[in-house]
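Student: Provided below: final_5.txt, containing compact mmCIF, C-alpha atoms.
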# COMPACT_ATOMS: atom_id res chain seq x y z
CA MET G 340 19.18 6.65 -22.33
CA ALA G 341 17.15 9.64 -21.15
CA SER G 342 14.10 8.57 -23.14
CA GLN G 343 14.45 5.01 -21.85
CA VAL G 344 14.52 6.18 -18.23
CA THR G 345 11.57 8.50 -18.87
CA ARG G 346 9.53 5.64 -20.31
CA ALA G 347 10.54 3.48 -17.36
CA ARG G 348 9.40 6.16 -14.92
CA TRP G 349 5.91 6.27 -16.44
CA ALA G 350 5.84 2.48 -16.72
CA VAL G 351 6.61 1.95 -13.05
CA ALA G 352 4.11 4.68 -12.13
CA THR G 353 1.46 2.78 -14.10
CA VAL G 354 2.33 -0.46 -12.30
CA PHE G 355 1.94 1.31 -8.95
CA ALA G 356 -1.45 2.62 -10.07
CA VAL G 357 -2.56 -0.86 -11.15
CA HIS G 358 -1.56 -2.31 -7.78
CA GLY G 359 -3.51 0.42 -5.98
CA ALA G 360 -6.55 0.04 -8.22
CA ALA G 361 -6.73 -3.67 -7.42
CA SER G 362 -6.55 -2.89 -3.69
CA GLY G 363 -9.15 -0.13 -3.95
CA SER G 364 -11.51 -2.31 -5.94
CA PHE G 365 -11.46 -4.98 -3.26
CA ALA G 366 -11.68 -2.56 -0.33
CA SER G 367 -14.75 -0.82 -1.73
CA ARG G 368 -16.63 -4.14 -2.01
CA ILE G 369 -15.74 -5.58 1.40
CA PRO G 370 -19.16 -4.58 2.82
CA TRP G 371 -20.86 -6.51 -0.04
CA ILE G 372 -18.73 -9.58 0.57
CA ALA G 373 -19.30 -9.42 4.34
CA GLU G 374 -23.06 -9.09 3.96
CA HIS G 375 -23.27 -11.72 1.21
CA LEU G 376 -21.43 -14.28 3.36
CA HIS G 377 -23.15 -13.12 6.58
CA LEU G 378 -19.82 -12.48 8.30
CA THR G 379 -19.66 -11.04 11.80
CA GLU G 380 -16.97 -8.47 12.70
CA GLY G 381 -14.86 -11.26 14.18
CA ALA G 382 -15.28 -13.53 11.14
CA LEU G 383 -14.47 -10.72 8.74
CA GLY G 384 -11.45 -9.78 10.79
CA LEU G 385 -10.21 -13.36 10.72
CA ALA G 386 -10.59 -13.50 6.94
CA LEU G 387 -8.74 -10.21 6.53
CA ILE G 388 -5.76 -11.59 8.45
CA MET G 389 -5.05 -14.02 5.62
CA PRO G 390 -3.51 -11.51 3.18
CA ALA G 391 -1.05 -10.66 5.95
CA VAL G 392 -0.17 -14.33 6.39
CA GLY G 393 0.40 -14.74 2.66
CA SER G 394 2.47 -11.58 2.39
CA LEU G 395 4.51 -12.21 5.52
CA SER G 396 5.42 -15.74 4.45
CA SER G 397 6.58 -14.66 0.99
CA MET G 398 8.12 -11.20 1.39
CA PRO G 399 11.44 -12.26 2.94
CA PHE G 400 12.13 -14.44 -0.12
CA THR G 401 11.06 -11.90 -2.74
CA GLY G 402 14.36 -10.03 -2.86
CA ARG G 403 16.15 -13.17 -4.02
CA LEU G 404 13.41 -13.89 -6.59
CA VAL G 405 13.71 -10.39 -8.06
CA GLN G 406 17.51 -10.67 -8.23
CA ARG G 407 17.34 -14.14 -9.80
CA ILE G 408 14.85 -13.55 -12.65
CA GLY G 409 15.27 -9.80 -13.04
CA GLY G 410 13.09 -6.97 -11.75
CA ARG G 411 11.24 -6.31 -15.00
CA LEU G 412 10.05 -9.88 -15.54
CA ALA G 413 9.26 -10.36 -11.85
CA THR G 414 7.18 -7.20 -11.76
CA ARG G 415 5.18 -8.10 -14.88
CA ILE G 416 4.34 -11.58 -13.63
CA LEU G 417 3.54 -10.61 -10.05
CA ILE G 418 1.40 -7.53 -10.80
CA ALA G 419 -0.75 -9.59 -13.18
CA ALA G 420 -1.12 -12.30 -10.55
CA TRP G 421 -2.28 -9.75 -7.94
CA ALA G 422 -4.88 -8.22 -10.26
CA LEU G 423 -6.30 -11.61 -11.25
CA ALA G 424 -6.41 -12.72 -7.61
CA VAL G 425 -8.57 -9.72 -6.72
CA GLY G 426 -10.83 -10.51 -9.66
CA VAL G 427 -12.07 -13.76 -8.12
CA LEU G 428 -12.35 -12.83 -4.43
CA ALA G 429 -16.09 -12.07 -4.54
CA LEU G 430 -16.74 -15.60 -5.89
CA ALA G 431 -15.90 -17.16 -2.52
CA PRO G 432 -18.88 -19.32 -1.45
CA ASN G 433 -18.14 -19.18 2.27
CA GLN G 434 -15.80 -17.78 4.91
CA TRP G 435 -13.25 -20.59 4.64
CA ALA G 436 -12.96 -20.35 0.88
CA LEU G 437 -12.59 -16.58 1.22
CA MET G 438 -9.76 -17.08 3.71
CA GLY G 439 -7.89 -19.40 1.35
CA MET G 440 -8.32 -17.05 -1.58
CA LEU G 441 -7.17 -14.08 0.49
CA LEU G 442 -4.09 -16.04 1.55
CA LEU G 443 -3.02 -16.52 -2.08
CA ALA G 444 -3.97 -12.94 -2.93
CA GLY G 445 -1.72 -11.78 -0.10
CA VAL G 446 1.24 -13.64 -1.60
CA ALA G 447 0.67 -11.92 -4.93
CA ALA G 448 0.11 -8.51 -3.34
CA GLY G 449 3.22 -8.63 -1.16
CA THR G 450 5.65 -9.98 -3.73
CA SER G 451 4.48 -7.60 -6.46
CA ASP G 452 4.82 -4.70 -4.01
CA ILE G 453 8.47 -5.55 -3.34
CA ALA G 454 9.25 -5.97 -7.04
CA MET G 455 7.69 -2.68 -8.14
CA ASN G 456 9.34 -0.73 -5.30
CA ALA G 457 12.72 -2.15 -6.28
CA GLU G 458 12.06 -1.01 -9.85
CA GLY G 459 11.07 2.42 -8.51
CA VAL G 460 14.37 2.75 -6.63
CA GLU G 461 16.26 1.75 -9.78
CA VAL G 462 14.52 4.48 -11.80
CA GLU G 463 15.04 6.99 -8.98
CA GLN G 464 18.77 6.29 -9.01
CA ARG G 465 18.96 6.71 -12.79
CA LEU G 466 17.04 10.01 -12.63
CA GLY G 467 19.09 11.33 -9.73
CA ARG G 468 16.13 12.79 -7.83
CA SER G 469 13.42 11.61 -5.48
CA ILE G 470 10.32 10.09 -7.09
CA MET G 471 9.25 7.45 -4.57
CA SER G 472 6.58 9.59 -2.92
CA SER G 473 4.97 10.37 -6.27
CA LEU G 474 5.11 6.69 -7.24
CA HIS G 475 3.26 5.80 -4.08
CA GLY G 476 0.96 8.69 -4.95
CA MET G 477 0.14 6.86 -8.16
CA TRP G 478 -0.69 3.81 -6.04
CA SER G 479 -3.18 5.98 -4.17
CA VAL G 480 -4.55 7.39 -7.43
CA GLY G 481 -5.11 3.82 -8.54
CA GLY G 482 -6.80 3.07 -5.23
CA LEU G 483 -9.06 6.08 -5.74
CA ILE G 484 -9.97 4.94 -9.25
CA GLY G 485 -10.63 1.36 -8.17
CA SER G 486 -12.70 2.38 -5.16
CA GLY G 487 -14.53 5.02 -7.19
CA ILE G 488 -15.55 2.45 -9.75
CA GLY G 489 -16.55 0.14 -6.91
CA ALA G 490 -18.65 2.87 -5.29
CA ALA G 491 -20.34 3.62 -8.62
CA ALA G 492 -21.00 -0.07 -9.16
CA ALA G 493 -22.54 -0.31 -5.68
CA TYR G 494 -24.82 2.66 -6.34
CA LEU G 495 -25.90 1.12 -9.65
CA GLY G 496 -26.55 -2.26 -8.08
CA VAL G 497 -23.75 -4.08 -9.95
CA SER G 498 -22.73 -7.14 -7.97
CA ALA G 499 -19.23 -7.39 -6.55
CA PRO G 500 -18.34 -10.56 -8.54
CA VAL G 501 -18.98 -8.77 -11.85
CA ASN G 502 -17.27 -5.57 -10.70
CA LEU G 503 -14.12 -7.32 -9.46
CA ALA G 504 -13.88 -9.80 -12.34
CA VAL G 505 -13.91 -7.04 -14.97
CA MET G 506 -11.42 -4.93 -13.02
CA GLY G 507 -9.13 -7.89 -12.38
CA VAL G 508 -8.75 -8.81 -16.04
CA LEU G 509 -8.37 -5.21 -17.18
CA LEU G 510 -5.75 -4.39 -14.54
CA ALA G 511 -3.77 -7.56 -15.26
CA VAL G 512 -3.49 -6.62 -18.94
CA VAL G 513 -2.54 -3.00 -18.19
CA GLY G 514 0.04 -3.97 -15.56
CA ALA G 515 1.76 -6.63 -17.64
CA THR G 516 1.84 -4.35 -20.69
CA ALA G 517 3.27 -1.38 -18.77
CA GLY G 518 5.92 -3.65 -17.30
CA HIS G 519 7.37 -4.15 -20.77
CA TRP G 520 8.77 -0.60 -20.59
CA LEU G 521 10.57 -1.01 -17.26
CA LEU G 522 14.36 -0.79 -17.23
CA PRO G 523 15.95 -3.99 -18.51
CA THR G 524 17.74 -5.88 -15.77
CA VAL G 525 20.09 -8.81 -16.03
CA PRO G 526 19.31 -11.72 -13.68
CA VAL G 527 21.99 -12.19 -11.04
CA ALA G 528 23.81 -15.48 -10.64
CA ALA G 529 22.82 -17.57 -7.64
CA ALA G 530 26.16 -16.95 -5.96
CA GLU G 531 25.68 -13.17 -6.13
CA ASP G 532 21.97 -12.60 -5.56
CA GLY G 533 22.19 -11.99 -1.81
CA PRO G 534 20.64 -13.86 1.12
CA ARG G 535 17.71 -16.18 0.66
CA PHE G 536 15.83 -14.61 3.55
CA SER G 537 15.68 -10.80 4.02
CA LEU G 538 15.22 -9.31 7.49
CA PRO G 539 16.31 -5.78 8.48
CA ARG G 540 18.94 -4.95 11.06
CA GLY G 541 20.10 -1.82 12.86
CA PRO G 542 18.85 1.50 11.46
CA VAL G 543 16.86 -0.28 8.75
CA LEU G 544 14.93 -2.16 11.43
CA ILE G 545 14.01 1.10 13.17
CA ILE G 546 12.85 2.58 9.86
CA GLY G 547 10.76 -0.54 9.38
CA LEU G 548 9.09 -0.08 12.77
CA ILE G 549 8.10 3.50 11.92
CA GLY G 550 6.77 2.20 8.63
CA PHE G 551 4.85 -0.45 10.55
CA CYS G 552 2.89 2.16 12.51
CA ALA G 553 1.99 3.99 9.30
CA VAL G 554 1.05 0.83 7.41
CA PHE G 555 -1.06 -0.39 10.32
CA ALA G 556 -3.02 2.87 10.26
CA GLU G 557 -3.30 2.74 6.47
CA GLY G 558 -4.40 -0.89 6.29
CA ALA G 559 -6.87 -0.58 9.15
CA THR G 560 -8.45 2.51 7.64
CA ALA G 561 -8.57 1.12 4.10
CA ASP G 562 -10.39 -2.07 5.07
CA TRP G 563 -12.56 -0.78 7.90
CA CYS G 564 -13.54 2.78 7.01
CA ALA G 565 -16.49 1.68 4.85
CA VAL G 566 -17.60 -0.82 7.48
CA TYR G 567 -17.29 1.90 10.15
CA LEU G 568 -19.62 4.23 8.28
CA ARG G 569 -22.02 1.41 7.54
CA GLN G 570 -22.26 -0.03 11.06
CA ILE G 571 -21.41 2.84 13.42
CA LEU G 572 -22.71 5.88 11.54
CA GLU G 573 -25.51 4.00 9.73
CA ALA G 574 -24.53 5.20 6.26
CA GLY G 575 -25.83 3.57 3.05
CA GLU G 576 -23.67 1.18 1.03
CA GLY G 577 -22.79 3.84 -1.52
CA GLN G 578 -22.01 6.41 1.19
CA ALA G 579 -19.85 3.87 2.99
CA ALA G 580 -17.83 3.18 -0.17
CA VAL G 581 -17.13 6.92 -0.47
CA ALA G 582 -15.21 6.76 2.83
CA TYR G 583 -12.41 4.78 1.20
CA SER G 584 -12.49 7.07 -1.82
CA MET G 585 -11.87 10.10 0.41
CA PHE G 586 -9.10 8.27 2.24
CA ALA G 587 -7.48 7.26 -1.06
CA LEU G 588 -7.83 10.82 -2.42
CA ALA G 589 -6.05 12.23 0.63
CA MET G 590 -3.30 9.62 0.32
CA ALA G 591 -2.89 10.37 -3.37
CA GLY G 592 -2.71 14.12 -2.87
CA GLY G 593 -0.22 13.84 -0.03
CA ARG G 594 2.05 11.51 -1.96
CA LEU G 595 1.89 13.33 -5.28
CA VAL G 596 3.18 16.52 -3.66
CA GLY G 597 5.33 14.66 -1.15
CA ASP G 598 8.61 14.82 -3.09
CA THR G 599 8.33 18.60 -3.44
CA VAL G 600 7.39 19.12 0.21
CA VAL G 601 10.19 16.86 1.47
CA ARG G 602 12.78 18.69 -0.65
CA ARG G 603 11.62 21.98 0.89
CA PHE G 604 10.99 21.07 4.52
CA GLY G 605 12.85 17.80 4.96
CA ALA G 606 11.56 14.33 5.70
CA VAL G 607 11.39 14.83 9.45
CA GLY G 608 9.45 18.10 9.35
CA THR G 609 7.07 16.78 6.72
CA VAL G 610 6.25 13.61 8.63
CA ARG G 611 5.72 15.49 11.89
CA ALA G 612 3.35 18.04 10.37
CA ALA G 613 1.41 15.48 8.35
CA GLY G 614 1.23 13.11 11.31
CA ALA G 615 -0.33 15.85 13.45
CA LEU G 616 -3.13 16.09 10.89
CA GLY G 617 -3.51 12.32 11.04
CA VAL G 618 -3.91 12.39 14.81
CA LEU G 619 -6.57 15.08 14.44
CA GLY G 620 -8.33 12.89 11.88
CA GLY G 621 -8.31 9.90 14.21
CA VAL G 622 -9.87 11.95 16.99
CA LEU G 623 -12.53 13.16 14.55
CA VAL G 624 -13.37 9.59 13.49
CA VAL G 625 -13.76 8.37 17.06
CA ALA G 626 -15.97 11.36 17.95
CA ALA G 627 -17.87 11.40 14.62
CA TRP G 628 -21.60 12.01 14.88
CA THR G 629 -22.46 11.97 11.15
CA PRO G 630 -21.12 10.12 8.07
CA LEU G 631 -19.69 13.41 6.77
CA ALA G 632 -17.60 13.90 9.90
CA GLY G 633 -16.35 10.33 9.63
CA VAL G 634 -15.38 10.75 5.99
CA ALA G 635 -13.47 13.94 6.83
CA GLY G 636 -11.61 12.17 9.63
CA PHE G 637 -10.58 9.29 7.38
CA GLY G 638 -9.29 11.81 4.86
CA LEU G 639 -7.07 13.44 7.50
CA ILE G 640 -5.70 10.05 8.52
CA GLY G 641 -4.78 9.51 4.87
CA LEU G 642 -2.86 12.79 4.81
CA GLY G 643 -1.16 11.89 8.06
CA VAL G 644 0.47 8.68 6.87
CA ALA G 645 0.80 9.39 3.14
CA VAL G 646 4.55 10.01 2.88
CA VAL G 647 5.86 7.72 5.61
CA VAL G 648 6.10 4.47 3.64
CA PRO G 649 7.63 6.04 0.49
CA LEU G 650 10.34 7.65 2.63
CA ALA G 651 11.00 4.37 4.44
CA PHE G 652 11.30 2.40 1.19
CA SER G 653 13.46 5.06 -0.43
CA ALA G 654 15.88 5.08 2.49
CA ALA G 655 16.04 1.28 2.51
CA GLY G 656 16.48 1.05 -1.25
CA HIS G 657 19.51 3.35 -1.16
CA THR G 658 21.17 1.17 1.48
CA GLY G 659 23.58 -1.60 0.49
CA ASP G 660 24.20 -3.39 -2.77
CA HIS G 661 20.86 -5.19 -2.98
CA PRO G 662 17.95 -2.70 -2.97
CA ALA G 663 15.34 -5.43 -3.38
CA HIS G 664 16.64 -7.21 -0.28
CA ALA G 665 16.68 -4.02 1.81
CA ILE G 666 13.15 -3.12 0.70
CA ALA G 667 12.00 -6.66 1.40
CA GLY G 668 13.42 -6.42 4.92
CA VAL G 669 11.64 -3.14 5.69
CA ALA G 670 8.45 -4.42 4.06
CA THR G 671 8.53 -7.57 6.16
CA VAL G 672 8.40 -5.47 9.32
CA SER G 673 6.07 -2.79 7.96
CA TYR G 674 3.70 -4.96 5.95
CA GLY G 675 4.17 -8.26 7.73
CA ALA G 676 2.50 -6.92 10.86
CA GLY G 677 0.84 -3.95 9.20
CA LEU G 678 -1.18 -6.09 6.83
CA ALA G 679 -2.50 -7.88 9.90
CA ALA G 680 -4.11 -4.60 10.98
CA PRO G 681 -7.50 -5.27 9.35
CA GLY G 682 -7.79 -8.62 11.08
CA LEU G 683 -6.56 -7.31 14.41
CA MET G 684 -8.99 -4.42 14.09
CA GLY G 685 -11.80 -6.93 13.71
CA GLY G 686 -10.74 -8.84 16.81
CA ILE G 687 -10.40 -5.69 18.90
CA ALA G 688 -13.70 -4.33 17.60
CA HIS G 689 -15.39 -7.62 18.45
CA ALA G 690 -14.02 -7.49 22.00
CA THR G 691 -14.61 -3.75 22.47
CA SER G 692 -15.93 -1.56 19.65
CA LEU G 693 -14.90 -0.10 16.30
CA PRO G 694 -14.48 3.41 17.78
CA PHE G 695 -12.05 1.96 20.34
CA SER G 696 -10.13 0.27 17.51
CA PHE G 697 -9.70 3.58 15.72
CA ALA G 698 -8.58 5.20 18.97
CA MET G 699 -5.73 2.67 18.90
CA VAL G 700 -4.98 3.64 15.28
CA THR G 701 -4.79 7.28 16.38
CA GLY G 702 -2.19 6.30 18.97
CA LEU G 703 -0.05 4.64 16.31
CA VAL G 704 -0.14 7.76 14.15
CA LEU G 705 1.03 9.71 17.21
CA ILE G 706 3.99 7.31 17.50
CA VAL G 707 4.89 8.14 13.87
CA VAL G 708 4.96 11.84 14.82
CA LEU G 709 7.19 11.16 17.83
CA GLY G 710 9.52 8.88 15.87
CA ALA G 711 9.83 11.02 12.74
CA GLY G 712 13.46 11.82 13.53
CA ARG G 713 14.37 8.24 12.67
CA LEU G 714 13.60 8.99 9.01
CA ARG G 715 16.44 11.50 8.74
CA ALA G 716 18.33 8.98 6.60
CA ALA G 717 15.67 9.36 3.90
CA GLU G 718 16.02 13.13 4.16
CA ILE G 719 19.76 12.88 3.57
CA ALA G 720 19.21 10.59 0.58
CA HIS G 721 16.87 13.13 -0.98
CA ARG G 722 19.46 15.89 -0.58
CA GLN G 723 22.16 14.10 -2.52
CA PRO G 724 23.56 16.10 -5.46
CA VAL G 725 21.35 15.84 -8.53
CA PRO G 726 23.12 14.88 -11.79
CA GLU G 727 22.36 16.33 -15.18
CA PRO G 728 18.57 16.88 -15.39
CA VAL G 729 16.54 14.25 -17.18
CA SER G 730 13.22 15.19 -18.71
CA ALA G 731 10.19 13.57 -17.06
What does the file become when written as structure tokens?

Tutor:
Amino acid sequence: MASQVTRARWAVATVFAVHGAASGSFASRIPWIAEHLHLTEGALGLALIMPAVGSLSSMPFTGRLVQRIGGRLATRILIAAWALAVGVLALAPNQWALMGMLLLAGVAAGTSDIAMNAEGVEVEQRLGRSIMSSLHGMWSVGGLIGSGIGAAAAYLGVSAPVNLAVMGVLLAVVGATAGHWLLPTVPVAAAEDGPRFSLPRGPVLIIGLIGFCAVFAEGATADWCAVYLRQILEAGEGQAAVAYSMFALAMAGGRLVGDTVVRRFGAVGTVRAAGALGVLGGVLVVAAWTPLAGVAGFGLIGLGVAVVVPLAFSAAGHTGDHPAHAIAGVATVSYGAGLAAPGLMGGIAHATSLPFSFAMVTGLVLIVVLGAGRLRAAEIAHRQPVPEPVSA
């Protein structure tokens, strides 16, 4: 049993990394897609709303899907679908085609996210210790790898369609293969698989709102940091792609050490301290005078929000008899509006300016700092007695 759980831990970590690598690959090539299709800030923002629409419309139903067909099978199918969807995004011939493709990609991204987080909670429960922060750290590592490859491809003049197509196929194969080693789950009968539509209530809703602020900051930064350097700080395409890489590196580092830090200082103290760094980063971005200053600011924002979502999902997943439903409920609030951040950023930037948009992001990170006490439930979950140690 111990070896099976250990394999499952590394399998789910790989799936998280694949999901992040697909996201990072796309984010690093957004400037290419925008320039190739001659998109204005408003048009790009409108297109980037579509993943939110796809995710929001599908997430509330994902918990039931995972319960019905089993978490392992659901994760394998959905992670492959997300990777392949990213692989064709740069082939869009115009803005409207891009919007439709992003809508479908959003469905795949959101549903696979719910499925893999539910698998992560299952492994965490079997191990008897917190691993969700490090799993999300692997997502950030994947994002760093995907964006790093994208940045290298941009420097070498490799077109986005070739870059994303190769990454999409490779990631789909890796994700589906890793999913084979997830913990076996028995599909639940229709009468026992929980509600068809998952929305949070009470304390879970409040946790979701804190997660929303963090996801908004994360999504806005991921999709707009490269554009910010390109348009506001007049950086080159390769330099602009590095902005996301620094952001992803900071997210990865914060999440990989997050479980250890939370066990030592508690969820509330960790979120407050990290969030203060995120606020400082937002101020630095808005006041940036060189690309280097902007990159540093985006890195601090990454540190500021790194552990918030893992703690929110962990707390939700340990609540009730249906972890997938609880996670889906929190994700609907956090991601449903949070994934709209890139599009909303575009609209606000079009009406005002990109620096003003990131001033708003800074305010949301400050709300996370002020509301950190609401994550005390996650802190309690992480302090539960640990059973007999399992090698990792």

Student: With distances taken over all atoms listed in the file, which of G:Leu693, G:Leu642, G:Leu474, G:Val634 is nearest to Val460 of chain G?

Tutor: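 The shortest atom-to-atom distance to Val460 of chain G comes from G:Leu474.
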
Student: G:Val392, G:Ala490, G:Val512, G:Ala457: which is nearest Leu404 of chain G, counting only C-alpha atoms?

Tutor: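 So, comparing all the options, the nearest one is G:Ala457.
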
Student: Point out the residue among G:Ala517, G:Ile545, G:Ala366, G:Ala711 with the least atom-to-atom distance to Val647 of chain G, counting all atoms listed in the file.

Tutor: G:Ala711

Student: Find the residue from G:Gly410, G:Gly558, G:Gly685, G:Pro390 that sits nearest to Gly641 of chain G; use only C-alpha atoms when measuring.

Tutor: G:Gly558

Student: Using all atoms listed in the file, can you tell me which of G:Ala627, G:Val610, G:Val508, G:Ala579 comes closest to Gly710 of chain G?

Tutor: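 Result for the nearest residue to Gly710 of chain G: G:Val610.
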
Student: Just want the 9 Å neighbourhood of Ile484 of chain G, counted on all atoms listed in the file, with same-chain residues fewer than 6 positions away dropped. Output as a compact mmCIF listing (two decimals) with C-alpha atoms, in the coordinates of the input.

Tutor:
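Dumped to part20.txt:
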# COMPACT_ATOMS: atom_id res chain seq x y z
CA ALA G 356 -1.45 2.62 -10.07
CA GLY G 359 -3.51 0.42 -5.98
CA ALA G 360 -6.55 0.04 -8.22
CA GLY G 363 -9.15 -0.13 -3.95
CA SER G 364 -11.51 -2.31 -5.94
CA SER G 584 -12.49 7.07 -1.82
CA ALA G 587 -7.48 7.26 -1.06

Student: Which segment 578-641 of chain G residues have any atom within 8 Å of an atom of segment 478-483 of chain G, and for each, what is the nearest pair of atoms with distance in Å to one decimal, counting only C-alpha atoms, rows sorted by chain and number, as a Markdown table?

Tutor:
| residue | atom | partner | partner_atom | distance |
| --- | --- | --- | --- | --- |
| G:Tyr583 | CA | G:Leu483 | CA | 7.8 |
| G:Ser584 | CA | G:Leu483 | CA | 5.3 |
| G:Met585 | CA | G:Leu483 | CA | 7.9 |
| G:Ala587 | CA | G:Leu483 | CA | 5.1 |
| G:Leu588 | CA | G:Leu483 | CA | 5.9 |
| G:Met590 | CA | G:Ser479 | CA | 5.8 |
| G:Ala591 | CA | G:Ser479 | CA | 4.5 |
| G:Arg594 | CA | G:Ser479 | CA | 7.9 |

Student: With only C-alpha atoms as the basis for distance, which of G:Glu461, G:His689, G:Pro523, G:Val344 is at the shortest distance from Ile408 of chain G?

Tutor: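 Distance minimum relative to Ile408 of chain G lands on G:Pro523.
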
Student: I want to know what sits within 8 Å of Ile418 of chain G, based on all atoms listed in the file, with residues of the same chain fewer than 5 positions away left out; could you give that as a VMD selection string?

Tutor: chain G and resid 354 357 to 358 447 to 448 451 511 514 to 515

Student: How many Å lie between atom CA of Ser362 of chain G and atom CA of Asp562 of chain G, rounded to one decimal?

Tutor: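 Straight-line distance from atom CA of Ser362 of chain G to atom CA of Asp562 of chain G works out to 9.6 Å.
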
Student: Contacts of Cys552 of chain G at 8 Å or less, counting only C-alpha atoms, minus same-chain residues fewer than 4 places along, as a ChimeraX atom specification?

Tutor: /G:548,556,673,677,703-704,706-707

Student: Would you pick out the contacts of Ala386 of chain G at 12 Å or less, using all atoms listed in the file, so that residues sharing its chain but fewer than 3 positions from it are not included, and give the list as a ChimeraX atom specification?

Tutor: /G:369,372-373,376,378-383,389-393,428,431,433-442,444-445,562,678-686

Student: If you keep C-alpha atoms, can you produce a file of those selected residues as a PDB file, keeping the file's coordinate frame?

Tutor:
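The resulting file, part.pdb, is shown below:
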ATOM      1  CA  ILE G 369     -15.740  -5.580   1.400  1.00  0.00           C
ATOM      2  CA  ILE G 372     -18.730  -9.580   0.570  1.00  0.00           C
ATOM      3  CA  ALA G 373     -19.300  -9.420   4.340  1.00  0.00           C
ATOM      4  CA  LEU G 376     -21.430 -14.280   3.360  1.00  0.00           C
ATOM      5  CA  LEU G 378     -19.820 -12.480   8.300  1.00  0.00           C
ATOM      6  CA  THR G 379     -19.660 -11.040  11.800  1.00  0.00           C
ATOM      7  CA  GLU G 380     -16.970  -8.470  12.700  1.00  0.00           C
ATOM      8  CA  GLY G 381     -14.860 -11.260  14.180  1.00  0.00           C
ATOM      9  CA  ALA G 382     -15.280 -13.530  11.140  1.00  0.00           C
ATOM     10  CA  LEU G 383     -14.470 -10.720   8.740  1.00  0.00           C
ATOM     11  CA  MET G 389      -5.050 -14.020   5.620  1.00  0.00           C
ATOM     12  CA  PRO G 390      -3.510 -11.510   3.180  1.00  0.00           C
ATOM     13  CA  ALA G 391      -1.050 -10.660   5.950  1.00  0.00           C
ATOM     14  CA  VAL G 392      -0.170 -14.330   6.390  1.00  0.00           C
ATOM     15  CA  GLY G 393       0.400 -14.740   2.660  1.00  0.00           C
ATOM     16  CA  LEU G 428     -12.350 -12.830  -4.430  1.00  0.00           C
ATOM     17  CA  ALA G 431     -15.900 -17.160  -2.520  1.00  0.00           C
ATOM     18  CA  ASN G 433     -18.140 -19.180   2.270  1.00  0.00           C
ATOM     19  CA  GLN G 434     -15.800 -17.780   4.910  1.00  0.00           C
ATOM     20  CA  TRP G 435     -13.250 -20.590   4.640  1.00  0.00           C
ATOM     21  CA  ALA G 436     -12.960 -20.350   0.880  1.00  0.00           C
ATOM     22  CA  LEU G 437     -12.590 -16.580   1.220  1.00  0.00           C
ATOM     23  CA  MET G 438      -9.760 -17.080   3.710  1.00  0.00           C
ATOM     24  CA  GLY G 439      -7.890 -19.400   1.350  1.00  0.00           C
ATOM     25  CA  MET G 440      -8.320 -17.050  -1.580  1.00  0.00           C
ATOM     26  CA  LEU G 441      -7.170 -14.080   0.490  1.00  0.00           C
ATOM     27  CA  LEU G 442      -4.090 -16.040   1.550  1.00  0.00           C
ATOM     28  CA  ALA G 444      -3.970 -12.940  -2.930  1.00  0.00           C
ATOM     29  CA  GLY G 445      -1.720 -11.780  -0.100  1.00  0.00           C
ATOM     30  CA  ASP G 562     -10.390  -2.070   5.070  1.00  0.00           C
ATOM     31  CA  LEU G 678      -1.180  -6.090   6.830  1.00  0.00           C
ATOM     32  CA  ALA G 679      -2.500  -7.880   9.900  1.00  0.00           C
ATOM     33  CA  ALA G 680      -4.110  -4.600  10.980  1.00  0.00           C
ATOM     34  CA  PRO G 681      -7.500  -5.270   9.350  1.00  0.00           C
ATOM     35  CA  GLY G 682      -7.790  -8.620  11.080  1.00  0.00           C
ATOM     36  CA  LEU G 683      -6.560  -7.310  14.410  1.00  0.00           C
ATOM     37  CA  MET G 684      -8.990  -4.420  14.090  1.00  0.00           C
ATOM     38  CA  GLY G 685     -11.800  -6.930  13.710  1.00  0.00           C
ATOM     39  CA  GLY G 686     -10.740  -8.840  16.810  1.00  0.00           C
TER      40      GLY G 686
END

Student: Measure the distance from atom CA of Pro694 of chain G to atom CA of Ile571 of chain G in Å and round it to one decimal.

Tutor: 8.2 Å

Student: As a PyMOL selection string, please: the residues near Ile453 of chain G (cut-off 10 Å, all atoms listed in the file, same-chain neighbours under 4 positions excluded).

Tutor: chain G and resi 398-399+401-402+405+410+413-414+417+448-449+457-459+652+662-671

Student: Quick one: pull the distance between atom CA of Ala580 of chain G and atom CA of Gly487 of chain G, Å, one decimal.

Tutor: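 These two atoms are separated by 8.0 Å.
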
Student: Could you list as a PyMOL selection string every residue that has an atom within 10 Å of (-12.8, -5.2, -4.9), using the file's coordinates and counting only C-alpha atoms?

Tutor: chain G and resi 360-369+371-372+425-429+485-486+488-490+499-504+506-507
